[in-house]
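Trainee: To start, I am sharing the structure in question, which I have written as structure tokens.
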Amino acid sequence: MTQPVSVRTRFERFPATVKGALVFRGEDSDPHQIAVRGARVVGYGGGEGRDVPVELAVVTVPPHQDVFVPFEMPVGDLDPGWYGFEIDVELDGSPRLLDGDRRFSVAWPRGTMRTGTVKVDRSFRVGERRVVVSRLQLASDATTIRLEVDPPTTVEVGLVAEPGGRSLPVVEIELDERSSTATVRAYPVPRESRKLRLEVVAGDDRQSVELPLD
């Protein structure tokens with residue numbers, strides 16, 4: 001761990017609000033004092049963030065235990081997009097900026113994004129690695145791509161919707177080394193798009209392929 005105290009964001013997404021808690025956990029054998037000075041949601045891909053109403057608490061975090069600081073915030077007027085959390089704290093008297101681990105989406109207007117499942121079964125090589133794209137899951141709030149990477153390795157991914165060259169920000173990449181798969185979650189595909197340009201980067205190697213959507 002890079003921090004003696006980690007923070008997780010646990011919440012439920014309701015139509016107009018997000019309600020949950022900041023969960024601070026001691027990651028070493030010492031107790032630590034956390035002073036919460038503020039929190040905010042930040043947008044991925046250009047969405048404007050905002051402050052999170054949270055108690056400006058001072059708490060002691062015991063070793064390997066959780067301490068909860070609740071919050072609730074309105075999200076009904078946020079722009080469509082994906083959002084994550086940043087928390088300003090003083091850790092044992094030193095200012096720190098901690099990132100939450102979960103994200104939430106604010107939906108795009110109905111009918112403006114493509115939805116459905118697209119079977120791809122496309123394989124290509126990125127240097128010495130074989131990459132297989134099995135399918136695309138298109139939803140109104142996200143594009144999910146499942147990649148098989150052999151041998152398993154960390155990859156970076158870029159997505160561009162065509163025509164128009166609209167970049168789709170990648171929200172997260174989850175790598176499962178046991179199954180050699182990487183699950184990529186990105187912004188949704190506009191309804192008028194007919195194909196995706198997928199770029200995969202692994203180390204110093206990169207490769208681009210086009211994935212038809214029709």
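Note on naming: chains are A, B, ... as they come in the structure tokens, residues start from 1 per chain, ligands start from 1 in the order shown.
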List as a ChimeraX atom specification the protein and nucleic acid residues near A:Thr115, meaning an atom at most 9 Å away when only C-alpha atoms are counted, but skip any in the same chain fewer than 2 places from it.

Mentor: /A:111,113,117,137-140,143,188-189,191

Trainee: Enumerate as a VMD selection string all residues of stretch 3-213 of chain A assigned to strand (DSSP E or B) by DSSP on the backbone, naming them with the chain letters and numbers the document uses.

Mentor: chain A and resid 5 to 13 17 to 26 32 to 44 50 to 51 54 58 to 61 63 66 to 74 81 to 91 94 to 99 104 to 106 113 116 to 126 129 to 138 143 to 150 156 to 162 166 to 167 170 to 176 181 to 186 190 195 to 202 205 to 212

Trainee: Per residue of stretch 94-159 of chain A within 12 Å of stretch 39-48 of chain A, what are the shortest atom pair and its distance in Å to one decimal, counting only C-alpha atoms, with rows by chain and residue number, as a Markdown table?

Mentor:
| residue | atom | partner | partner_atom | distance |
| --- | --- | --- | --- | --- |
| A:Arg96 | CA | A:Ala39 | CA | 11.8 |
| A:Leu97 | CA | A:Ala39 | CA | 9.4 |
| A:Leu98 | CA | A:Ala39 | CA | 9.4 |
| A:Asp99 | CA | A:Ala39 | CA | 9.8 |
| A:Gly100 | CA | A:Val41 | CA | 9.5 |
| A:Asp101 | CA | A:Val41 | CA | 12.0 |
| A:Arg102 | CA | A:Val41 | CA | 10.9 |
| A:Arg103 | CA | A:Val41 | CA | 9.2 |
| A:Phe104 | CA | A:Val41 | CA | 9.7 |
| A:Ser105 | CA | A:Gly43 | CA | 9.5 |
| A:Val106 | CA | A:Gly47 | CA | 9.9 |

Trainee: Please identify all polymer residues within 7 Å of stretch 166-169 of chain A, counting only C-alpha atoms, omitting same-chain residues fewer than 6 positions from it, and present them as an MDAnalysis selection string.

Mentor: chainID A and resid 45 159:160 186:187

Trainee: Can those selected residues be exported to a file as a PDB file, in the first residue's frame so that it contains N, CA, C and O atoms?

Mentor:
ATOM      1  N   GLY A  45     -13.815  12.402 -18.525  1.00  0.00           N
ATOM      2  CA  GLY A  45     -14.183  12.797 -19.875  1.00  0.00           C
ATOM      3  C   GLY A  45     -14.873  14.139 -19.964  1.00  0.00           C
ATOM      4  O   GLY A  45     -15.630  14.385 -20.899  1.00  0.00           O
ATOM      5  N   LEU A 159     -10.538   4.131 -27.282  1.00  0.00           N
ATOM      6  CA  LEU A 159     -11.704   3.855 -28.117  1.00  0.00           C
ATOM      7  C   LEU A 159     -12.137   5.127 -28.841  1.00  0.00           C
ATOM      8  O   LEU A 159     -12.232   6.193 -28.222  1.00  0.00           O
ATOM      9  N   VAL A 160     -12.409   4.992 -30.131  1.00  0.00           N
ATOM     10  CA  VAL A 160     -12.901   6.110 -30.930  1.00  0.00           C
ATOM     11  C   VAL A 160     -14.092   5.631 -31.732  1.00  0.00           C
ATOM     12  O   VAL A 160     -14.039   4.580 -32.394  1.00  0.00           O
ATOM     13  N   ALA A 186     -16.109   1.867 -20.805  1.00  0.00           N
ATOM     14  CA  ALA A 186     -15.889   3.203 -21.364  1.00  0.00           C
ATOM     15  C   ALA A 186     -17.224   3.906 -21.554  1.00  0.00           C
ATOM     16  O   ALA A 186     -18.296   3.344 -21.278  1.00  0.00           O
ATOM     17  N   TYR A 187     -17.158   5.152 -22.010  1.00  0.00           N
ATOM     18  CA  TYR A 187     -18.372   5.911 -22.277  1.00  0.00           C
ATOM     19  C   TYR A 187     -19.202   5.221 -23.367  1.00  0.00           C
ATOM     20  O   TYR A 187     -18.670   4.449 -24.176  1.00  0.00           O
TER      21      TYR A 187
END

Trainee: Determine the nearest neighbour of A:Leu175 from the options A:Arg37, A:Arg130, A:Arg146, A:Arg125, counting only C-alpha atoms.

Mentor: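 Closest residue, counting only C-alpha atoms: A:Arg146.
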